Amino acid sequence: MKTKCLPLTVLTLTLIAAASCPAADSDAKAKITTAAKKLAEQPNYSWVTTTKEADGSPGRLSNIEGQSDKNALTHLSFAVGGVPVEVYLKGTNGAAKALEGWMTLDEIAQTSGTAAAVVKYLRSYKTPSMQSTELAANIKDSKEEDGVLVAQLDERGFRDLLLLGVRQREGQEAPKIEDAKGTAKFWSENGSITKYEINAQGKVITADRNLDIDRTMTVKIKDAGSTKVEPPDEAKQKL
């Protein structure tokens with residue numbers, strides 16, 4: 001019985017395609033890593049972050065508008081429950097103003113449970129350069145589609161987004177995550193990231209309830225090189 005052989009041209013093309021896939025993935029990941037690094041090298045920039053659930057509803061926080069400069073000073077403005085909040089951060093130190101005057105993060109954390117949760121979020125806040133660098137380090141595989149870099153993420157790359165707004169009461173076990181998966185998309189110009197989007201899906205199990213999460217965060221970066229972060233004197237005194 002004779003064995004049919006693939007024509008040489010078909011066999012050659014098959015081998016080339018198989019060999020090119022890892023190279024394509026490697027090239028896409030390298031582009032993401034380089035673009036994240038270039039964003040981190042910007043002297044300053046601004047951004048807008050939006051978060052949406054699967055049904056299209058916004059996240060617990062409103063849109064976040066932010067600015068960051070080379071002095072590691074970050075300014076954020078957003079709303080909690082319709083109340084506008086303005087924040088300046090430098091490292092883990094910070095000052096914020098809501099209905100009253102400027103207060104340190106420590107002072108705010110003592111006022112209520114909601115305020116303490118917001119302060120915890122702010123202390124761990126990642127600017128776009130920090131977050132995109134973290135995403136690049138947690139890519140499982142990646143590819144380029146129509147100029148957009150698309151990556152499958154390790155859980156470490158999207159865990160924070162899954163747990164956004166999930167509270168852990170004192171004495172309770174840490175929330176558990178099951179069936180988790182996450183993806184990220186990156187857009188860039190002149191080699192630097194201008195926009196990225198993270199989608200996180202999974203089940204979050206706490207002591208009192210189970211949550212099915214399908215959440216998307218979009219970050220748009222603008223005004224690189226022309227952004228200024230200038231806190232008022234009252235905020236400077238609290239930093």
# chains A, B, ... in the order shown; residues from 1 in each chain; ligands from 1

call {"tool": "select_by_dssp", "arguments": {"residues": "range 11-231 of chain A", "states": "strand (DSSP E)", "output": "ChimeraX atom specification"}}
result
/A:44-53,64-69,73-80,83-90,93-97,103-104,139-145,148-153,176-189,192-205,210-222

call {"tool": "residues_around", "arguments": {"residues": "Gly147 in chain A", "least_positions_apart": "4", "cutoff": "10 Å", "atoms": "only C-alpha atoms", "output": "list in words"}}
result
Lys143, Phe186, Trp187 and Ser188 of chain A

call {"tool": "residues_around", "arguments": {"residues": "Thr227 in chain A", "least_positions_apart": "2", "cutoff": "8 Å", "atoms": "only C-alpha atoms", "output": "list of chain:residue names"}}
result
A:Asn44, A:Tyr45, A:Ser46, A:Gln67, A:Ser68, A:Asp69, A:Asp223, A:Ala224, A:Gly225, A:Val229

call {"tool": "write_last_selection", "arguments": {"atoms": "C-alpha atoms", "output": "compact mmCIF listing (two decimals), in the first residue's frame"}}
result
# COMPACT_ATOMS: atom_id res chain seq x y z
CA ASN A 44 4.83 63.19 32.42
CA TYR A 45 1.46 62.20 30.96
CA SER A 46 -2.29 62.21 31.65
CA GLN A 67 -1.74 62.88 35.79
CA SER A 68 1.76 61.76 36.73
CA ASP A 69 5.18 63.39 36.49
CA ASP A 223 -0.64 64.79 26.79
CA ALA A 224 2.68 62.97 27.21
CA GLY A 225 5.41 65.53 27.79
CA VAL A 229 1.08 68.18 38.32

call {"tool": "residues_around", "arguments": {"residues": "Gly91 in chain A", "least_positions_apart": "6", "cutoff": "9 Å", "atoms": "only C-alpha atoms", "output": "PyMOL selection string"}}
result
chain A and resi 72-74+123

call {"tool": "residues_around", "arguments": {"residues": "range 158-162 of chain A", "least_positions_apart": "5", "cutoff": "9 Å", "atoms": "only C-alpha atoms", "output": "PyMOL selection string"}}
result
chain A and resi 135+138+153+177+180-184+198-204+213-217

call {"tool": "write_last_selection", "arguments": {"atoms": "N, CA and C atoms", "output": "CSV table (one decimal), in the first residue's frame"}}
result
chain,number,residue,atom,x,y,z
A,135,LEU,N,1.6,44.2,33.4
A,135,LEU,CA,0.9,43.3,32.4
A,135,LEU,C,1.9,42.7,31.4
A,138,ASN,N,3.5,39.6,32.7
A,138,ASN,CA,2.6,38.5,33.0
A,138,ASN,C,1.8,38.0,31.8
A,153,LEU,N,-3.2,36.7,29.6
A,153,LEU,CA,-2.5,37.0,30.8
A,153,LEU,C,-2.5,35.9,31.8
A,177,ILE,N,-10.3,32.7,44.1
A,177,ILE,CA,-10.7,32.9,42.7
A,177,ILE,C,-10.7,31.6,41.9
A,180,ALA,N,-10.5,31.6,36.4
A,180,ALA,CA,-10.1,32.9,36.0
A,180,ALA,C,-9.4,32.9,34.7
A,181,LYS,N,-9.7,34.0,33.9
A,181,LYS,CA,-9.0,34.2,32.6
A,181,LYS,C,-9.0,35.7,32.4
A,182,GLY,N,-7.9,36.1,31.7
A,182,GLY,CA,-7.8,37.6,31.4
A,182,GLY,C,-7.0,37.8,30.1
A,183,THR,N,-7.4,38.9,29.5
A,183,THR,CA,-6.8,39.3,28.2
A,183,THR,C,-6.4,40.8,28.3
A,184,ALA,N,-5.5,41.2,27.5
A,184,ALA,CA,-5.2,42.6,27.4
A,184,ALA,C,-4.9,43.0,26.0
A,198,ILE,N,-8.0,45.9,29.6
A,198,ILE,CA,-7.9,44.6,30.3
A,198,ILE,C,-9.3,44.1,30.5
A,199,ASN,N,-9.5,42.8,30.2
A,199,ASN,CA,-10.7,42.1,30.5
A,199,ASN,C,-10.4,41.0,31.5
A,200,ALA,N,-11.1,40.9,32.6
A,200,ALA,CA,-10.9,39.9,33.6
A,200,ALA,C,-12.2,39.2,33.9
A,201,GLN,N,-12.2,37.9,33.8
A,201,GLN,CA,-13.4,37.0,34.1
A,201,GLN,C,-13.0,36.0,35.1
A,202,GLY,N,-14.0,35.6,35.9
A,202,GLY,CA,-13.8,34.6,36.9
A,202,GLY,C,-14.8,34.6,38.0
A,203,LYS,N,-14.7,33.7,38.9
A,203,LYS,CA,-15.6,33.6,40.1
A,203,LYS,C,-14.8,34.0,41.3
A,204,VAL,N,-15.3,34.9,42.1
A,204,VAL,CA,-14.7,35.4,43.3
A,204,VAL,C,-15.5,34.9,44.5
A,213,ILE,N,-17.6,37.5,37.9
A,213,ILE,CA,-17.1,38.8,37.5
A,213,ILE,C,-16.7,38.7,36.0
A,214,ASP,N,-17.1,39.7,35.2
A,214,ASP,CA,-16.7,39.9,33.8
A,214,ASP,C,-16.5,41.4,33.7
A,215,ARG,N,-15.3,41.9,33.9
A,215,ARG,CA,-15.0,43.3,34.0
A,215,ARG,C,-14.0,43.8,33.0
A,216,THR,N,-14.2,45.0,32.5
A,216,THR,CA,-13.2,45.5,31.5
A,216,THR,C,-12.8,46.9,32.0
A,217,MET,N,-11.5,47.1,32.0
A,217,MET,CA,-10.9,48.4,32.3
A,217,MET,C,-10.2,48.9,31.0

call {"tool": "residues_around", "arguments": {"residues": "Asp141 in chain A", "least_positions_apart": "5", "cutoff": "9 Å", "atoms": "only C-alpha atoms", "output": "ChimeraX atom specification"}}
result
/A:25-26,28-29,150-153
